[in-house]
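Below is protein.cif, holding mmCIF, C-alpha atoms and all ligand atoms.
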data_query
#
loop_
_atom_site.label_atom_id
_atom_site.label_comp_id
_atom_site.auth_asym_id
_atom_site.auth_seq_id
_atom_site.Cartn_x
_atom_site.Cartn_y
_atom_site.Cartn_z
CA MET A 181 -9.83 19.32 -8.42
CA ALA A 182 -8.40 20.70 -11.68
CA SER A 183 -4.64 20.58 -11.53
CA LEU A 184 -2.28 23.25 -12.66
CA ALA A 185 -0.16 20.68 -14.46
CA ARG A 186 -3.03 19.24 -16.45
CA SER A 187 -4.36 22.57 -17.62
CA MET A 188 -1.05 23.64 -19.12
CA ASP A 189 -0.45 21.54 -22.15
CA LEU A 190 -2.92 18.72 -22.12
CA GLU A 191 -3.57 18.95 -25.82
CA ARG A 192 0.04 18.61 -26.86
CA ARG A 193 0.54 15.69 -24.49
CA LEU A 194 -2.59 13.91 -25.62
CA ASN A 195 -1.72 14.49 -29.23
CA ASP A 196 1.51 12.59 -28.94
CA SER A 197 -0.65 9.60 -27.88
CA LEU A 198 2.11 8.35 -25.63
CA GLY A 199 1.86 7.24 -22.05
CA LEU A 200 -1.90 7.66 -21.90
CA THR A 201 -1.85 5.04 -19.16
CA PRO A 202 1.06 4.35 -16.77
CA HIS A 203 3.83 2.23 -18.32
CA LEU A 204 4.14 -1.41 -17.29
CA GLY A 205 7.51 -3.11 -17.29
CA TRP A 206 10.64 -4.20 -15.48
CA SER A 207 13.84 -2.41 -14.55
CA SER A 208 17.28 -3.76 -13.73
CA TRP A 209 18.07 -1.47 -10.78
CA ASN A 210 16.29 -3.20 -7.88
CA VAL A 211 17.43 -6.61 -9.14
CA ALA A 212 21.20 -6.25 -8.75
CA GLN A 213 21.96 -2.54 -9.35
CA CYS A 214 24.96 -2.20 -11.73
CA ASP A 215 25.34 -5.95 -12.19
CA ALA A 216 21.94 -6.30 -13.85
CA ALA A 217 22.52 -3.67 -16.57
CA SER A 218 23.38 -6.26 -19.22
CA GLU A 219 22.21 -7.99 -22.37
CA LYS A 220 21.85 -11.19 -20.38
CA TYR A 221 19.31 -9.68 -17.98
CA ALA A 222 17.49 -7.78 -20.73
CA LEU A 223 16.96 -10.82 -22.94
CA GLU A 224 16.23 -13.20 -20.09
CA THR A 225 13.64 -10.77 -18.77
CA ALA A 226 12.01 -10.37 -22.18
CA ASN A 227 11.78 -14.16 -22.50
CA LYS A 228 10.36 -14.43 -18.99
CA PHE A 229 7.74 -11.78 -19.78
CA ILE A 230 6.41 -14.22 -22.35
CA GLU A 231 7.03 -17.47 -20.45
CA LEU A 232 5.42 -16.25 -17.19
CA GLY A 233 2.44 -14.64 -18.92
CA LEU A 234 3.51 -11.13 -17.88
CA LYS A 235 3.39 -9.87 -21.46
CA ASP A 236 -0.17 -11.17 -21.74
CA VAL A 237 -1.30 -9.06 -18.78
CA GLY A 238 0.36 -5.95 -20.19
CA TYR A 239 4.00 -5.73 -19.09
CA GLU A 240 5.87 -4.25 -22.02
CA TYR A 241 9.02 -2.25 -21.16
CA VAL A 242 12.33 -3.97 -20.40
CA ASN A 243 14.33 -1.12 -18.89
CA ILE A 244 18.04 -1.05 -18.19
CA ASP A 245 19.08 1.37 -15.45
CA ASP A 246 22.46 2.85 -14.45
CA CYS A 247 25.85 1.33 -15.37
CA TRP A 248 25.24 0.08 -18.93
CA SER A 249 27.97 2.21 -20.54
CA THR A 250 31.74 2.38 -20.30
CA ARG A 251 33.26 4.95 -17.95
CA GLU A 252 34.31 7.19 -20.87
CA ARG A 253 32.66 8.42 -24.05
CA ASP A 254 34.40 7.50 -27.33
CA GLU A 255 36.55 9.91 -29.36
CA SER A 256 33.41 11.32 -31.05
CA GLY A 257 31.83 11.97 -27.69
CA ASN A 258 29.31 9.14 -27.94
CA LEU A 259 28.21 6.92 -25.08
CA VAL A 260 29.54 3.38 -25.47
CA PRO A 261 27.73 0.25 -24.28
CA ASP A 262 30.11 -1.66 -21.98
CA PRO A 263 31.29 -4.55 -24.22
CA SER A 264 31.52 -6.91 -21.26
CA LYS A 265 27.79 -6.38 -20.61
CA TRP A 266 26.65 -5.80 -24.22
CA PRO A 267 28.85 -8.05 -26.40
CA ASN A 268 26.56 -7.38 -29.38
CA GLY A 269 25.92 -3.72 -28.66
CA ILE A 270 22.54 -2.36 -27.65
CA LYS A 271 20.76 -2.10 -31.00
CA ALA A 272 20.95 -5.87 -31.57
CA VAL A 273 19.24 -6.42 -28.21
CA VAL A 274 16.59 -3.77 -28.88
CA ASP A 275 15.83 -5.41 -32.24
CA GLN A 276 15.32 -8.79 -30.58
CA ILE A 277 13.11 -7.30 -27.89
CA HIS A 278 11.04 -5.50 -30.53
CA ASP A 279 10.69 -8.76 -32.44
CA MET A 280 9.14 -10.22 -29.30
CA GLY A 281 6.52 -7.45 -29.31
CA LEU A 282 8.10 -5.69 -26.34
CA LYS A 283 9.83 -2.35 -25.75
CA PHE A 284 13.26 -1.39 -24.48
CA GLY A 285 14.17 1.40 -22.06
CA LEU A 286 17.46 2.95 -21.06
CA TYR A 287 18.75 5.21 -18.31
CA GLY A 288 20.74 8.41 -18.36
CA CYS A 289 21.38 11.40 -16.23
CA ALA A 290 20.99 15.16 -16.59
CA GLY A 291 24.29 15.83 -14.88
CA GLU A 292 27.94 15.38 -15.80
CA LEU A 293 27.87 11.83 -14.42
CA THR A 294 25.15 9.33 -13.61
CA CYS A 295 24.47 8.52 -9.97
CA ALA A 296 26.90 5.59 -10.21
CA SER A 297 29.49 7.85 -11.92
CA PHE A 298 29.13 6.81 -15.56
CA PRO A 299 29.00 9.57 -18.22
CA GLY A 300 25.92 11.81 -17.94
CA SER A 301 24.22 13.78 -20.71
CA TRP A 302 25.23 17.28 -19.53
CA GLY A 303 26.27 19.15 -22.70
CA HIS A 304 25.63 16.05 -24.84
CA GLU A 305 21.83 16.03 -24.83
CA ILE A 306 21.18 16.11 -28.58
CA GLN A 307 24.03 13.71 -29.32
CA ASP A 308 22.69 11.25 -26.75
CA ALA A 309 19.10 11.60 -27.96
CA GLU A 310 20.28 10.88 -31.52
CA LEU A 311 22.27 7.85 -30.42
CA ILE A 312 19.54 6.22 -28.36
CA ALA A 313 16.97 6.96 -31.06
CA SER A 314 19.24 5.27 -33.62
CA TRP A 315 19.20 2.17 -31.42
CA GLY A 316 15.37 2.23 -31.29
CA VAL A 317 15.16 2.93 -27.55
CA ASP A 318 11.51 3.42 -26.46
CA PHE A 319 11.96 4.89 -22.97
CA TRP A 320 14.51 7.19 -21.37
CA LYS A 321 14.83 7.73 -17.61
CA HIS A 322 16.68 10.96 -16.81
CA ASP A 323 18.30 11.08 -13.36
CA ASN A 324 19.47 14.11 -11.37
CA CYS A 325 22.99 13.39 -10.06
CA PHE A 326 26.02 15.64 -10.64
CA THR A 327 23.80 18.56 -11.71
CA PRO A 328 24.41 22.23 -10.81
CA CYS A 329 24.35 23.10 -7.12
CA THR A 330 25.41 26.03 -4.97
CA SER A 331 29.13 25.38 -5.53
CA GLU A 332 31.50 23.78 -8.03
CA PRO A 333 32.16 21.00 -8.86
CA PHE A 334 28.65 19.56 -9.18
CA PRO A 335 28.12 17.16 -6.25
CA GLN A 336 26.79 13.61 -6.55
CA THR A 337 23.53 14.79 -4.96
CA CYS A 338 22.58 18.43 -4.52
CA TRP A 339 20.63 18.75 -1.28
CA GLU A 340 19.87 22.45 -1.84
CA GLY A 341 16.09 22.65 -2.29
CA SER A 342 16.19 26.08 -3.92
CA ILE A 343 18.03 24.78 -7.00
CA ASP A 344 15.62 24.62 -9.94
CA THR A 345 15.96 21.29 -11.75
CA ARG A 346 13.57 22.31 -14.52
CA PRO A 347 16.16 23.70 -16.98
CA TRP A 348 18.03 20.42 -17.49
CA TYR A 349 14.84 18.40 -17.80
CA GLY A 350 13.69 20.91 -20.41
CA THR A 351 16.97 20.58 -22.29
CA MET A 352 16.64 16.80 -22.54
CA ARG A 353 12.92 16.98 -23.40
CA ASP A 354 13.73 19.35 -26.26
CA ALA A 355 16.65 17.19 -27.39
CA ILE A 356 14.40 14.14 -27.56
CA LEU A 357 11.64 16.04 -29.35
CA SER A 358 14.16 17.45 -31.85
CA VAL A 359 15.37 14.04 -32.98
CA LYS A 360 13.30 12.62 -35.76
CA ASP A 361 13.27 9.00 -34.60
CA SER A 362 12.75 9.66 -30.92
CA LYS A 363 9.20 10.97 -31.02
CA GLU A 364 7.81 7.68 -29.77
CA MET A 365 10.06 7.69 -26.71
CA LEU A 366 8.60 7.87 -23.21
CA PHE A 367 10.48 10.38 -21.07
CA ASN A 368 10.71 9.69 -17.32
CA LEU A 369 11.88 12.48 -15.00
CA CYS A 370 13.86 11.15 -12.05
CA ASN A 371 14.45 14.24 -9.92
CA TRP A 372 13.11 12.54 -6.78
CA GLY A 373 10.21 14.99 -6.40
CA ARG A 374 12.39 18.11 -6.35
CA ASN A 375 10.72 21.49 -7.04
CA GLU A 376 7.30 19.82 -6.70
CA VAL A 377 7.86 18.18 -10.07
CA TRP A 378 4.24 16.97 -10.10
CA THR A 379 3.14 20.57 -10.70
CA TRP A 380 5.17 20.91 -13.92
CA GLY A 381 6.23 17.39 -14.98
CA TYR A 382 3.30 17.15 -17.34
CA ASP A 383 4.90 19.58 -19.78
CA TYR A 384 8.22 17.79 -19.63
CA GLY A 385 7.66 14.05 -19.65
CA HIS A 386 5.25 11.17 -19.33
CA SER A 387 6.00 10.32 -15.70
CA TRP A 388 7.98 11.80 -12.84
CA ARG A 389 9.35 10.38 -9.62
CA ILE A 390 7.57 11.99 -6.66
CA GLU A 391 9.99 10.91 -3.93
CA GLY A 392 13.43 9.58 -3.11
CA ASP A 393 14.20 5.96 -3.91
CA ASN A 394 12.20 2.94 -2.91
CA TRP A 395 14.98 1.21 -0.96
CA GLY A 396 13.12 -2.07 -0.68
CA ASP A 397 12.14 -1.69 2.95
CA TRP A 398 8.70 -1.23 4.44
CA GLU A 399 9.51 2.36 5.48
CA SER A 400 10.04 3.30 1.82
CA VAL A 401 6.64 1.91 0.84
CA VAL A 402 4.99 3.90 3.64
CA ARG A 403 6.92 7.11 2.84
CA ILE A 404 6.13 6.98 -0.88
CA GLY A 405 2.54 5.75 -0.46
CA ALA A 406 1.82 8.55 2.02
CA LYS A 407 3.29 11.12 -0.37
CA ALA A 408 1.14 9.83 -3.26
CA SER A 409 -2.01 10.44 -1.21
CA GLU A 410 -1.19 14.18 -1.08
CA ILE A 411 -0.92 14.73 -4.84
CA PRO A 412 -3.19 12.38 -6.84
CA GLU A 413 -4.73 15.16 -8.92
CA TYR A 414 -1.52 15.76 -10.85
CA SER A 415 -1.66 12.42 -12.67
CA GLY A 416 -3.63 12.15 -15.90
CA PRO A 417 -3.44 10.55 -19.34
CA GLY A 418 0.00 11.38 -20.75
CA GLY A 419 1.68 12.17 -17.43
CA PHE A 420 1.72 10.24 -14.15
CA ASN A 421 3.17 10.42 -10.67
CA ASP A 422 5.88 7.72 -10.56
CA LEU A 423 6.05 6.09 -7.13
CA ASP A 424 9.30 4.26 -8.17
CA MET A 425 10.14 0.70 -9.10
CA LEU A 426 8.51 -2.15 -7.22
CA PHE A 427 10.06 -4.42 -4.61
CA VAL A 428 7.68 -7.33 -5.13
CA GLY A 429 9.38 -10.71 -5.46
CA ASN A 430 12.72 -9.61 -4.01
CA GLY A 431 12.25 -11.46 -0.70
CA VAL A 432 12.30 -8.26 1.36
CA LEU A 433 8.58 -7.69 2.08
CA THR A 434 5.99 -10.08 3.51
CA GLU A 435 3.18 -11.33 1.29
CA PRO A 436 0.61 -8.85 2.73
CA GLN A 437 3.15 -6.03 2.37
CA GLU A 438 3.73 -7.02 -1.27
CA ARG A 439 -0.04 -6.96 -1.85
CA LEU A 440 -0.32 -3.52 -0.29
CA HIS A 441 2.76 -2.19 -2.16
CA PHE A 442 1.54 -3.39 -5.56
CA GLY A 443 -2.12 -2.52 -4.95
CA LEU A 444 -1.41 0.99 -3.74
CA TRP A 445 0.95 1.72 -6.64
CA ALA A 446 -1.72 0.40 -9.02
CA ILE A 447 -4.66 2.46 -7.75
CA ALA A 448 -2.42 5.56 -7.43
CA LYS A 449 -1.81 5.13 -11.18
CA SER A 450 1.92 4.76 -10.82
CA PRO A 451 3.91 3.07 -13.56
CA LEU A 452 4.19 -0.57 -12.46
CA VAL A 453 7.82 -1.51 -12.95
CA ILE A 454 8.87 -4.89 -11.61
CA GLY A 455 12.20 -4.77 -9.80
CA ALA A 456 12.77 -8.48 -9.23
CA ASP A 457 14.85 -11.19 -10.89
CA LEU A 458 12.28 -13.03 -12.99
CA ASN A 459 14.40 -16.20 -12.90
CA ALA A 460 13.77 -16.44 -9.17
CA LEU A 461 10.31 -14.98 -8.72
CA PRO A 462 8.27 -16.63 -5.93
CA GLU A 463 4.90 -17.98 -7.07
CA SER A 464 3.05 -15.76 -4.57
CA SER A 465 4.74 -12.64 -6.00
CA LEU A 466 4.01 -13.67 -9.58
CA LYS A 467 0.36 -14.01 -8.61
CA ILE A 468 0.33 -10.48 -7.20
CA LEU A 469 2.20 -8.95 -10.15
CA SER A 470 -0.03 -10.64 -12.71
CA ASN A 471 -3.39 -9.81 -11.12
CA LYS A 472 -5.20 -8.74 -14.28
CA ASP A 473 -8.12 -7.09 -12.46
CA ILE A 474 -5.73 -4.81 -10.58
CA ILE A 475 -3.66 -4.10 -13.69
CA ASP A 476 -6.90 -3.19 -15.47
CA VAL A 477 -7.64 -0.66 -12.73
CA ASN A 478 -4.15 0.82 -13.18
CA GLN A 479 -4.63 0.94 -16.95
CA ASP A 480 -8.18 2.31 -16.90
CA PRO A 481 -8.48 4.86 -19.74
CA LEU A 482 -9.70 7.63 -17.42
CA GLY A 483 -6.16 7.72 -15.96
CA ILE A 484 -7.28 9.35 -12.72
CA ALA A 485 -5.37 8.39 -9.59
CA ALA A 486 -7.10 7.29 -6.41
CA GLY A 487 -6.80 9.63 -3.44
CA ILE A 488 -7.85 9.38 0.18
CA PHE A 489 -11.28 10.15 1.63
CA GLN A 490 -12.42 10.40 5.23
CA PRO A 491 -15.60 8.50 6.16
CA PRO A 492 -17.72 9.99 8.98
CA ASN A 493 -16.20 9.26 12.40
CA ALA A 494 -12.88 8.04 10.93
CA PRO A 495 -9.78 9.79 12.26
CA GLY A 496 -8.05 12.16 9.82
CA PRO A 497 -4.85 11.48 7.90
CA VAL A 498 -1.48 11.57 9.66
CA ARG A 499 1.42 12.94 7.61
CA GLY A 500 3.90 10.23 6.67
CA GLU A 501 1.46 7.37 7.28
CA ILE A 502 -0.67 5.49 4.76
CA TYR A 503 -4.31 6.46 5.30
CA PRO A 504 -6.80 3.55 5.42
CA TYR A 505 -9.43 4.86 2.97
CA TRP A 506 -8.71 5.41 -0.74
CA ALA A 507 -11.00 5.83 -3.75
CA GLY A 508 -10.70 6.80 -7.38
CA PRO A 509 -12.95 6.91 -10.43
CA LEU A 510 -12.84 4.32 -13.21
CA SER A 511 -14.51 4.45 -16.59
CA ASP A 512 -17.13 1.93 -15.38
CA GLY A 513 -17.14 2.49 -11.64
CA VAL A 514 -15.03 3.34 -8.65
CA VAL A 515 -12.07 1.57 -7.05
CA ILE A 516 -11.83 1.57 -3.26
CA GLY A 517 -8.63 0.71 -1.38
CA LEU A 518 -8.89 -0.30 2.28
CA VAL A 519 -5.47 -0.29 3.90
CA SER A 520 -4.63 -1.65 7.30
CA ALA A 521 -1.25 -0.19 8.10
CA ASN A 522 0.50 -1.34 11.29
CA ARG A 523 -2.32 -3.45 12.71
CA ALA A 524 -5.00 -5.85 11.48
CA GLY A 525 -8.52 -4.52 11.59
CA THR A 526 -12.02 -4.42 10.19
CA LEU A 527 -12.51 -1.65 7.67
CA SER A 528 -16.03 -0.77 6.56
CA VAL A 529 -17.48 1.90 4.30
CA ASN A 530 -20.93 2.89 3.18
CA PHE A 531 -20.94 3.52 -0.52
CA ALA A 532 -22.82 6.78 0.13
CA ASP A 533 -19.63 8.15 1.77
CA VAL A 534 -17.34 7.24 -1.14
CA PRO A 535 -16.43 10.00 -3.62
CA GLY A 536 -18.00 9.16 -6.99
CA LEU A 537 -20.75 6.98 -5.53
CA GLU A 538 -24.20 7.84 -4.30
CA GLY A 539 -26.28 6.01 -1.76
CA GLY A 540 -27.79 2.81 -3.12
CA SER A 541 -26.91 -0.73 -3.94
CA TYR A 542 -23.97 -1.67 -6.18
CA ASN A 543 -22.20 -4.79 -7.38
CA TRP A 544 -18.64 -5.06 -6.04
CA LYS A 545 -15.64 -7.37 -6.31
CA GLU A 546 -12.53 -7.62 -4.11
CA LEU A 547 -9.73 -7.93 -6.63
CA TYR A 548 -7.20 -10.05 -4.70
CA THR A 549 -9.60 -12.75 -3.45
CA GLY A 550 -12.24 -12.51 -6.20
CA GLU A 551 -14.99 -12.27 -3.58
CA GLU A 552 -18.10 -10.60 -5.01
CA GLY A 553 -21.22 -9.10 -3.56
CA THR A 554 -24.07 -6.62 -3.91
CA GLY A 555 -25.14 -4.05 -1.36
CA GLU A 556 -24.88 -0.54 0.04
CA SER A 557 -21.65 -1.03 1.97
CA ILE A 558 -18.58 -3.24 2.35
CA SER A 559 -16.69 -4.51 5.35
CA PHE A 560 -13.39 -6.43 5.30
CA ASN A 561 -11.04 -7.88 7.88
CA VAL A 562 -7.70 -6.68 6.61
CA ALA A 563 -4.49 -8.26 7.91
CA GLU A 564 -1.66 -6.09 9.23
CA ASN A 565 -0.05 -4.09 6.41
CA ASP A 566 -2.43 -5.56 3.84
CA ILE A 567 -4.99 -4.06 1.48
CA ALA A 568 -8.42 -4.90 0.13
CA ILE A 569 -9.06 -3.49 -3.34
CA VAL A 570 -12.72 -3.32 -4.20
CA LYS A 571 -14.05 -2.46 -7.60
CA VAL A 572 -17.57 -1.07 -7.47
CA THR A 573 -19.34 -1.22 -10.81
CA THR A 574 -21.71 1.58 -11.68
CA SER A 575 -22.47 0.84 -15.32
C1 LIG A 601 19.03 7.06 -8.32
C2 LIG A 601 17.65 6.76 -8.86
C3 LIG A 601 17.48 5.27 -8.84
C4 LIG A 601 18.54 4.60 -9.70
C5 LIG A 601 19.93 5.04 -9.26
C6 LIG A 601 21.01 4.56 -10.23
O1 LIG A 601 19.22 8.42 -8.32
O2 LIG A 601 16.70 7.40 -8.06
O3 LIG A 601 16.19 4.95 -9.32
O4 LIG A 601 18.32 4.94 -11.05
O5 LIG A 601 20.01 6.44 -9.16
O6 LIG A 601 22.29 4.98 -9.86
#
Before we go any further, please render this structure as structure tokens.
Ligand code: GAL
Amino acid sequence: MASLARSMDLERRLNDSLGLTPHLGWSSWNVAQCDAASEKYALETANKFIELGLKDVGYEYVNIDDCWSTRERDESGNLVPDPSKWPNGIKAVVDQIHDMGLKFGLYGCAGELTCASFPGSWGHEIQDAELIASWGVDFWKHDNCFTPCTSEPFPQTCWEGSIDTRPWYGTMRDAILSVKDSKEMLFNLCNWGRNEVWTWGYDYGHSWRIEGDNWGDWESVVRIGAKASEIPEYSGPGGFNDLDMLFVGNGVLTEPQERLHFGLWAIAKSPLVIGADLNALPESSLKILSNKDIIDVNQDPLGIAAGIFQPPNAPGPVRGEIYPYWAGPLSDGVVIGLVSANRAGTLSVNFADVPGLEGGSYNWKELYTGEEGTGESISFNVAENDIAIVKVTTS
């Protein structure tokens, strides 16, 4: 299905050569919210990317979320890194991270204040774009708190669905594009899926949040995963549905749930942004996060997200639940996701019923266990809230 978003400005997006595959990285927010927005976390994470082999499998962006600045701008109106969190300022940290072959991301907000009530970019867009570009920032997440609503003053969150969030995302996009040194900056729209952002995000940024936050509970994974299955066609090279930062390695999900969470985000072509403290990452979570075969699926140059398909005799999708059968094209085959939400079960498909495949025999590999086979169908016993991810090779 050709998407509206992709037809609009594909050429411009592709020409900037940025974000052609979903970004891979880490963000401070799910680790310890405001407390993790510091030099200490940024540099420790960058070092851990190298030490744990995460850089080798593609993780690149070290992103600092809300609460990195002081509560007030300085007398020139500039944002100020909180000296208790950034004793050497931000540029010194960005330089070190660049020297390690990694990238650095920062967070801001379209409104008057950020969601945690630090200064937002409202009315300061060009000034902020110039400042962050002068620090060498490679990624900017733009949140949606304290933006215009139906009454004054702007509330922390505007629940009024009719309010169009596009104008302030356009203002920041243009500010970033107008600043000479910011042209290499990824722009992430964090409006929580408002105004069906997936239908227009492509002309504004390189990724856009499709839903409210991932709160680190199983219900969030189900809510966001179910939403992703409704809108896969809006992702493409240069602009991707962002399912939100991961909760893998935080001790809140079971091992099967972590596999399903990571695997679903990967085949849906979401940015994969680790949200755990890398100093305390369980071995089982590290194994999931560094599964190179699954990361390769996420980073496949086609950049097309997997969606759901209904095999003959299978019940249809239920809104708000994760459907068991997923498939998406890859440059050398097809990836199939078999999800067993809520109860363990045997899931089987004939390749002839899978979009992108025809009847016949193919080589396949299950990417978590490494099991391989050849044949016309697959069948897996999938544990409760777990996933099998099968790559079928066609060339
Ligand atoms: C939310 C956003 C989260 C996080 C938080 C910071 O609006 O969705 O991802 O950035 O603000 O306050």
Open item on the list: Every residue with an atom at most 7 Å from (4.4, 12.5, -3.5) (file coordinates; only C-alpha atoms) is what I'm after, so could you write them as a PyMOL selection string?
Closed with: chain A and resi 373+390-391+404+407-408+410-411
Can you build me a table of chain A residues sitting at most 9 Å from ligand LIG 601 (chain A), with the closest atom pair per residue and its distance in Å to one decimal, using all atoms listed in the file, sorted by chain and residue number, as a Markdown table?
| residue | atom | partner | partner_atom | distance |
| --- | --- | --- | --- | --- |
| A:Trp209 | CA | A:LIG601 | C4 | 6.2 |
| A:Asn210 | CA | A:LIG601 | O3 | 8.3 |
| A:Gln213 | CA | A:LIG601 | C6 | 7.2 |
| A:Cys214 | CA | A:LIG601 | O6 | 7.9 |
| A:Asp245 | CA | A:LIG601 | O4 | 5.7 |
| A:Asp246 | CA | A:LIG601 | C6 | 4.8 |
| A:Cys247 | CA | A:LIG601 | O6 | 7.5 |
| A:Tyr287 | CA | A:LIG601 | O4 | 7.3 |
| A:Gly288 | CA | A:LIG601 | O4 | 8.4 |
| A:Cys289 | CA | A:LIG601 | O1 | 8.7 |
| A:Thr294 | CA | A:LIG601 | O6 | 6.4 |
| A:Cys295 | CA | A:LIG601 | O6 | 4.2 |
| A:Ala296 | CA | A:LIG601 | O6 | 4.7 |
| A:Ser297 | CA | A:LIG601 | O6 | 8.0 |
| A:Lys321 | CA | A:LIG601 | O4 | 7.9 |
| A:His322 | CA | A:LIG601 | O4 | 8.5 |
| A:Asp323 | CA | A:LIG601 | O1 | 5.8 |
| A:Asn324 | CA | A:LIG601 | O1 | 6.5 |
| A:Cys325 | CA | A:LIG601 | O1 | 6.5 |
| A:Thr337 | CA | A:LIG601 | O1 | 8.4 |
| A:Cys370 | CA | A:LIG601 | O2 | 6.2 |
| A:Asn371 | CA | A:LIG601 | O2 | 7.4 |
| A:Trp372 | CA | A:LIG601 | O2 | 6.4 |
| A:Arg389 | CA | A:LIG601 | O2 | 8.1 |
| A:Glu391 | CA | A:LIG601 | O2 | 8.6 |
| A:Gly392 | CA | A:LIG601 | O2 | 6.3 |
| A:Asp393 | CA | A:LIG601 | O2 | 5.1 |
| A:Asn394 | CA | A:LIG601 | O3 | 7.8 |
| A:Asp424 | CA | A:LIG601 | O3 | 7.0 |
| A:Met425 | CA | A:LIG601 | O3 | 7.4 |
- [ ] Can you work out which one of A:Tyr414, A:Phe284, A:Tyr548, A:Phe298 has the shortest atom-to-atom distance to Val377 (chain A), counting only C-alpha atoms?
- [x]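 Checking each candidate against Val377 (chain A), we get A:Tyr414 as the closest.
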TODO: List the residues sitting within 9 Å of (-24.6, 2.1, -8.0) in the file's frame, using all atoms listed in the file, as a list in words.
DONE: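 Selection result: Gly513, Phe531, Leu537, Glu538, Gly539, Gly540, Ser541, Tyr542, Asn543, Glu556, Val572, Thr573, Thr574 and Ser575 of chain A.
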Open item on the list: List the spatial neighbours of region 485-500 of chain A as a PyMOL selection string - criterion: any atom at most 9 Å away, all atoms listed in the file, same-chain residues fewer than 6 positions off excluded.
Closed with: chain A and resi 402-416+420-421+444+446-450+478+506-509+515-517+529-530+533-535
- [ ] Between A:Val570, A:Glu255, A:Gly483, A:Asn227, single out the one closest to Gly553 (chain A), counting all atoms listed in the file.
- [x]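 Among the listed residues, the smallest separation from Gly553 (chain A) belongs to A:Val570.
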Open item on the list: I'd like the interatomic distance between CA of Trp395 (chain A) and CA of Asp457 (chain A), to a tenth of an Å.
Closed with: 15.9 Å
Task: Interatomic distance, CA of Asp422 (chain A) to CA of Gly385 (chain A) (Å, one decimal) - done: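 Rounded to one decimal, the two atoms are 11.2 Å apart.
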TODO: Measuring atom to atom with all atoms listed in the file, identify which of A:Gln336, A:Ser249, A:Gln479, A:Ser387 is nearest to Ser218 (chain A).
DONE: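 Checking each candidate against Ser218 (chain A), we get A:Ser249 as the closest.
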TODO: Could you please determine the separation between CA of His386 (chain A) and CA of Ile230 (chain A) in Å, to one decimal place?
DONE: 25.6 Å
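Among the candidate residues A:Gly429, A:Pro267, A:Pro417, A:Pro328, the one lying nearest to Thr201 (chain A) is A:Pro417, with distances computed using all atoms listed in the file.
Considering only C-alpha atoms, the residue among A:Lys360, A:Arg251, A:Arg346, A:Arg439 positioned nearest to Leu293 (chain A) is A:Arg251.
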Within 9 Å of region 304-311 of chain A, which residues of region 337-415 of chain A show up? Give each one with its shortest atom-to-atom distance in Å (one decimal) and the two atoms involved, counting only C-alpha atoms, rows by chain then rising residue number, as JSON lines.
{"residue": "A:Thr351", "atom": "CA", "partner": "A:Glu305", "partner_atom": "CA", "distance": 7.1}
{"residue": "A:Met352", "atom": "CA", "partner": "A:Glu305", "partner_atom": "CA", "distance": 5.7}
{"residue": "A:Asp354", "atom": "CA", "partner": "A:Ile306", "partner_atom": "CA", "distance": 8.4}
{"residue": "A:Ala355", "atom": "CA", "partner": "A:Ile306", "partner_atom": "CA", "distance": 4.8}
{"residue": "A:Ile356", "atom": "CA", "partner": "A:Ala309", "partner_atom": "CA", "distance": 5.4}
{"residue": "A:Leu357", "atom": "CA", "partner": "A:Ala309", "partner_atom": "CA", "distance": 8.8}
{"residue": "A:Ser358", "atom": "CA", "partner": "A:Ile306", "partner_atom": "CA", "distance": 7.9}
{"residue": "A:Val359", "atom": "CA", "partner": "A:Glu310", "partner_atom": "CA", "distance": 6.0}
{"residue": "A:Lys360", "atom": "CA", "partner": "A:Glu310", "partner_atom": "CA", "distance": 8.4}
{"residue": "A:Asp361", "atom": "CA", "partner": "A:Glu310", "partner_atom": "CA", "distance": 7.9}
{"residue": "A:Ser362", "atom": "CA", "partner": "A:Ala309", "partner_atom": "CA", "distance": 7.3}
